[in-house]
Structure formats: C-alpha cells, structure tokens
Amino acid sequence: MGSCALARLQGLFAVYKPPGLKWKHLRDTVELQLLKGVNAGKPPAPEQRVRFLLGPVGSDEEKELTLTATSVPTLTNHPLVCGPAFTSLKVGVGHRLDAQASGVLVLGVGHGRRLLTSMYNAHLTKDYTIRGLLGKATDDFCEDGQLVEKSTYDHVTREKLDRILALIQGSHQKALVM
C-alpha cells in the first residue's frame, strides 16, 4: 500500500449532519474513518535482505562452522514496528452548520478542498425549514434554553402568520436584489 490509495481520495461528497452534533466532530469522524479505510489495506510484502548466518555443516563427528547466505525479511517498514502508513488527511468543509441545525454538509478531500471555495463563492441557493413553538420564550431563543415566559397563542391565526412570513420573505428578497 503506497501513497497511491491516498492519491485516489479526491473530490467532494455530501454528508448528512443530524441536529445536536457539531460540524467539526462530524468532519473529524469522517477523516478518521477514511484514514482507517486507507490503512486497512494489505501492507506490501516486506523487503528481503541477505544475511549470512553462522551454522554447523557436516556430520555429527565433524562439525564445521560455515557462513550460509539466507534471505530474511526486514521489519523496519512493518506496520507493527512503524505504525500506520497514513496518520493525517485533510478534509475541508464547504460551510458550517449550527450545532442544533441539521442538513447536508459538503466535505472535500484532496483537490476537492480547492473546489469548496469556488462552490462557496457561487452563492448557491439554500433552502431552510424552520420549526418553532408558539407560546414559550427562552433566554437564548433555542428550544433547550431556560424558559423565561409562557403565554397563550389563541390570537395567532394562519392568515396573520402567513402575512408576517410574506413580509419577512419580501424583505429578504429585496435585500438579495440590492
């Protein structure tokens, strides 16, 4: 196994990030699994060296010591001696997702890391789905934050909510055009 296996790891790929998991932890896990896969390949056959071994030759009555040329493996490059062949691999992240957000995370390996910048600069369309809970307020506006206020929400109707969402969407579209 040479650097050939590592050189073949090129490109972009998408990974689903579940909520509650940090993007860095996900990237590190993917990097570790890729390294395990690259290092799991069959190691190359060990190099053979010629050694001269001293040994007896002849019958039991006449024991002479002679040098015999033998081929023995060298263990200097054995994985149990020097460790795994690959210990680091750079995995780039196209964009970062919040710890509570879930979605597709684009990762790049090798030449794919250079493509991440181009992809980011292309300003591709993103689609967001927001989930909310009416009638509760927390200190950090997250669902797992400290509850600050609790109220009724009977006055909120579908028409009022649609009107507010249309205003928000319109202001974002206006900012996008400008």
# chains A, B, ... in the order shown; residues from 1 in each chain; ligands from 1
$ residues_around --residues "region 33-36 of chain A" --least-positions-apart "6" --cutoff "8 Å" --atoms "only C-alpha atoms" --output "PyMOL selection string"
chain A and resi 86-89
$ closest_atom_pairs --of "region 11-75 of chain A" --to "region 97-118 of chain A" --cutoff "7 Å" --atoms "only C-alpha atoms" --output "Markdown table"
| residue | atom | partner | partner_atom | distance |
| --- | --- | --- | --- | --- |
| A:Gly11 | CA | A:Gly112 | CA | 4.0 |
| A:Leu12 | CA | A:Gly108 | CA | 4.4 |
| A:Phe13 | CA | A:Leu107 | CA | 5.5 |
| A:Ala14 | CA | A:Val106 | CA | 4.5 |
| A:Val15 | CA | A:Leu105 | CA | 5.2 |
| A:Tyr16 | CA | A:Val104 | CA | 4.6 |
| A:Lys17 | CA | A:Ser102 | CA | 5.3 |
| A:Pro18 | CA | A:Ser102 | CA | 4.7 |
| A:Pro19 | CA | A:Gln100 | CA | 4.6 |
| A:Gly20 | CA | A:Gln100 | CA | 4.9 |
| A:Leu21 | CA | A:Ala99 | CA | 5.5 |
| A:Lys22 | CA | A:Ala99 | CA | 4.7 |
| A:Trp23 | CA | A:Leu97 | CA | 6.2 |
$ residues_around --residues "region 154-164 of chain A" --least-positions-apart "5" --cutoff "10 Å" --atoms "only C-alpha atoms" --output "VMD selection string"
chain A and resid 134 to 135 169 to 170
$ closest_residue --among "A:Glu62, A:Phe141, A:Val57, A:Pro44" --to "Leu75 (chain A)" --atoms "only C-alpha atoms"
A:Pro44
$ residues_around --residues "Leu53 (chain A)" --least-positions-apart "4" --cutoff "8 Å" --atoms "only C-alpha atoms" --output "PDB file with C-alpha atoms, in the first residue's frame"
ATOM      1  CA  LEU A  67      28.526 -18.996   6.758  1.00  0.00           C
ATOM      2  CA  THR A  68      25.307 -19.585   4.870  1.00  0.00           C
ATOM      3  CA  ALA A  69      23.643 -16.855   2.806  1.00  0.00           C
ATOM      4  CA  THR A  70      19.956 -16.590   3.694  1.00  0.00           C
TER       5      THR A  70
END
$ atom_distance --atom1 "CA of Pro46 (chain A)" --atom2 "CA of Cys82 (chain A)"
12.8 Å
$ closest_residue --among "A:Leu147, A:His95, A:Ala45, A:Met178" --to "Asn121 (chain A)" --atoms "only C-alpha atoms"
A:His95
$ atom_distance --atom1 "CA of His78 (chain A)" --atom2 "CA of Glu31 (chain A)"
23.5 Å
$ residues_around --residues "Pro56 (chain A)" --least-positions-apart "2" --cutoff "7 Å" --atoms "only C-alpha atoms" --output "ChimeraX atom specification"
/A:58,63-66
$ write_last_selection --atoms "N, CA, C and O atoms" --output "PDB file, in the first residue's frame"
ATOM      1  N   GLY A  58      27.864 -30.486   8.106  1.00  0.00           N
ATOM      2  CA  GLY A  58      28.583 -31.760   8.139  1.00  0.00           C
ATOM      3  C   GLY A  58      27.895 -32.748   9.053  1.00  0.00           C
ATOM      4  O   GLY A  58      26.814 -32.522   9.583  1.00  0.00           O
ATOM      5  N   LYS A  63      32.010 -31.338  12.931  1.00  0.00           N
ATOM      6  CA  LYS A  63      31.155 -30.149  12.906  1.00  0.00           C
ATOM      7  C   LYS A  63      32.006 -28.954  12.530  1.00  0.00           C
ATOM      8  O   LYS A  63      32.892 -28.561  13.265  1.00  0.00           O
ATOM      9  N   GLU A  64      31.725 -28.417  11.369  1.00  0.00           N
ATOM     10  CA  GLU A  64      32.402 -27.219  10.929  1.00  0.00           C
ATOM     11  C   GLU A  64      31.401 -26.069  10.944  1.00  0.00           C
ATOM     12  O   GLU A  64      30.229 -26.252  10.654  1.00  0.00           O
ATOM     13  N   LEU A  65      31.869 -24.922  11.267  1.00  0.00           N
ATOM     14  CA  LEU A  65      31.025 -23.739  11.224  1.00  0.00           C
ATOM     15  C   LEU A  65      31.264 -23.032   9.908  1.00  0.00           C
ATOM     16  O   LEU A  65      32.399 -22.724   9.548  1.00  0.00           O
ATOM     17  N   THR A  66      30.207 -22.793   9.194  1.00  0.00           N
ATOM     18  CA  THR A  66      30.317 -22.093   7.927  1.00  0.00           C
ATOM     19  C   THR A  66      29.251 -21.000   7.858  1.00  0.00           C
ATOM     20  O   THR A  66      28.260 -21.015   8.585  1.00  0.00           O
TER      21      THR A  66
END
$ select_by_dssp --residues "region 20-96 of chain A" --states "strand (DSSP E or B)" --output "PDB file with N, CA and C atoms, in the first residue's frame"
ATOM      1  N   GLN A  48      13.261  -8.119   1.345  1.00  0.00           N
ATOM      2  CA  GLN A  48      14.123  -9.228   1.746  1.00  0.00           C
ATOM      3  C   GLN A  48      15.573  -8.746   1.753  1.00  0.00           C
ATOM      4  N   ARG A  49      16.293  -9.132   2.767  1.00  0.00           N
ATOM      5  CA  ARG A  49      17.719  -8.812   2.853  1.00  0.00           C
ATOM      6  C   ARG A  49      18.517 -10.103   2.941  1.00  0.00           C
ATOM      7  N   VAL A  50      19.699 -10.035   2.441  1.00  0.00           N
ATOM      8  CA  VAL A  50      20.584 -11.205   2.513  1.00  0.00           C
ATOM      9  C   VAL A  50      21.391 -11.096   3.797  1.00  0.00           C
ATOM     10  N   ARG A  51      21.325 -12.137   4.595  1.00  0.00           N
ATOM     11  CA  ARG A  51      22.093 -12.216   5.851  1.00  0.00           C
ATOM     12  C   ARG A  51      22.953 -13.477   5.792  1.00  0.00           C
ATOM     13  N   PHE A  52      24.101 -13.359   6.374  1.00  0.00           N
ATOM     14  CA  PHE A  52      24.989 -14.522   6.464  1.00  0.00           C
ATOM     15  C   PHE A  52      24.891 -15.070   7.871  1.00  0.00           C
ATOM     16  N   LEU A  53      24.372 -16.303   7.958  1.00  0.00           N
ATOM     17  CA  LEU A  53      24.172 -16.939   9.252  1.00  0.00           C
ATOM     18  C   LEU A  53      25.249 -17.988   9.472  1.00  0.00           C
ATOM     19  N   LEU A  54      25.746 -18.021  10.688  1.00  0.00           N
ATOM     20  CA  LEU A  54      26.783 -18.994  11.077  1.00  0.00           C
ATOM     21  C   LEU A  54      26.090 -20.261  11.529  1.00  0.00           C
ATOM     22  N   GLY A  55      26.434 -21.381  10.948  1.00  0.00           N
ATOM     23  CA  GLY A  55      25.778 -22.628  11.314  1.00  0.00           C
ATOM     24  C   GLY A  55      26.678 -23.815  11.065  1.00  0.00           C
ATOM     25  N   PRO A  56      26.382 -24.912  11.755  1.00  0.00           N
ATOM     26  CA  PRO A  56      27.180 -26.135  11.567  1.00  0.00           C
ATOM     27  C   PRO A  56      26.833 -26.824  10.254  1.00  0.00           C
ATOM     28  N   VAL A  57      27.835 -27.365   9.614  1.00  0.00           N
ATOM     29  CA  VAL A  57      27.647 -28.114   8.380  1.00  0.00           C
ATOM     30  C   VAL A  57      28.444 -29.398   8.526  1.00  0.00           C
ATOM     31  N   GLU A  64      31.725 -28.417  11.369  1.00  0.00           N
ATOM     32  CA  GLU A  64      32.402 -27.219  10.929  1.00  0.00           C
ATOM     33  C   GLU A  64      31.401 -26.069  10.944  1.00  0.00           C
ATOM     34  N   LEU A  65      31.869 -24.922  11.267  1.00  0.00           N
ATOM     35  CA  LEU A  65      31.025 -23.739  11.224  1.00  0.00           C
ATOM     36  C   LEU A  65      31.264 -23.032   9.908  1.00  0.00           C
ATOM     37  N   THR A  66      30.207 -22.793   9.194  1.00  0.00           N
ATOM     38  CA  THR A  66      30.317 -22.093   7.927  1.00  0.00           C
ATOM     39  C   THR A  66      29.251 -21.000   7.858  1.00  0.00           C
ATOM     40  N   LEU A  67      29.494 -20.074   6.981  1.00  0.00           N
ATOM     41  CA  LEU A  67      28.526 -18.996   6.758  1.00  0.00           C
ATOM     42  C   LEU A  67      27.597 -19.396   5.622  1.00  0.00           C
ATOM     43  N   THR A  68      26.305 -19.242   5.877  1.00  0.00           N
ATOM     44  CA  THR A  68      25.307 -19.585   4.870  1.00  0.00           C
ATOM     45  C   THR A  68      24.527 -18.319   4.518  1.00  0.00           C
ATOM     46  N   ALA A  69      24.409 -18.027   3.248  1.00  0.00           N
ATOM     47  CA  ALA A  69      23.643 -16.855   2.806  1.00  0.00           C
ATOM     48  C   ALA A  69      22.156 -17.197   2.852  1.00  0.00           C
ATOM     49  N   THR A  70      21.396 -16.364   3.561  1.00  0.00           N
ATOM     50  CA  THR A  70      19.956 -16.590   3.694  1.00  0.00           C
ATOM     51  C   THR A  70      19.213 -15.280   3.437  1.00  0.00           C
ATOM     52  N   SER A  71      18.034 -15.415   2.931  1.00  0.00           N
ATOM     53  CA  SER A  71      17.193 -14.244   2.688  1.00  0.00           C
ATOM     54  C   SER A  71      16.199 -14.133   3.840  1.00  0.00           C
ATOM     55  N   VAL A  72      16.236 -12.997   4.551  1.00  0.00           N
ATOM     56  CA  VAL A  72      15.326 -12.769   5.684  1.00  0.00           C
ATOM     57  C   VAL A  72      14.578 -11.454   5.461  1.00  0.00           C
ATOM     58  N   PRO A  73      13.350 -11.360   5.959  1.00  0.00           N
ATOM     59  CA  PRO A  73      12.596 -10.106   5.777  1.00  0.00           C
ATOM     60  C   PRO A  73      13.101  -9.019   6.715  1.00  0.00           C
ATOM     61  N   VAL A  91      -9.441  17.152   5.468  1.00  0.00           N
ATOM     62  CA  VAL A  91     -10.815  17.163   4.974  1.00  0.00           C
ATOM     63  C   VAL A  91     -11.345  18.568   5.174  1.00  0.00           C
ATOM     64  N   GLY A  92     -11.764  19.223   4.100  1.00  0.00           N
ATOM     65  CA  GLY A  92     -12.289  20.582   4.171  1.00  0.00           C
ATOM     66  C   GLY A  92     -13.806  20.579   4.255  1.00  0.00           C
ATOM     67  N   VAL A  93     -14.357  21.649   4.831  1.00  0.00           N
ATOM     68  CA  VAL A  93     -15.802  21.787   4.994  1.00  0.00           C
ATOM     69  C   VAL A  93     -16.265  22.973   4.162  1.00  0.00           C
TER      70      VAL A  93
END
$ closest_residue --among "A:Thr76, A:His172, A:Gln10, A:Gly94" --to "Leu124 (chain A)" --atoms "only C-alpha atoms"
A:Gly94
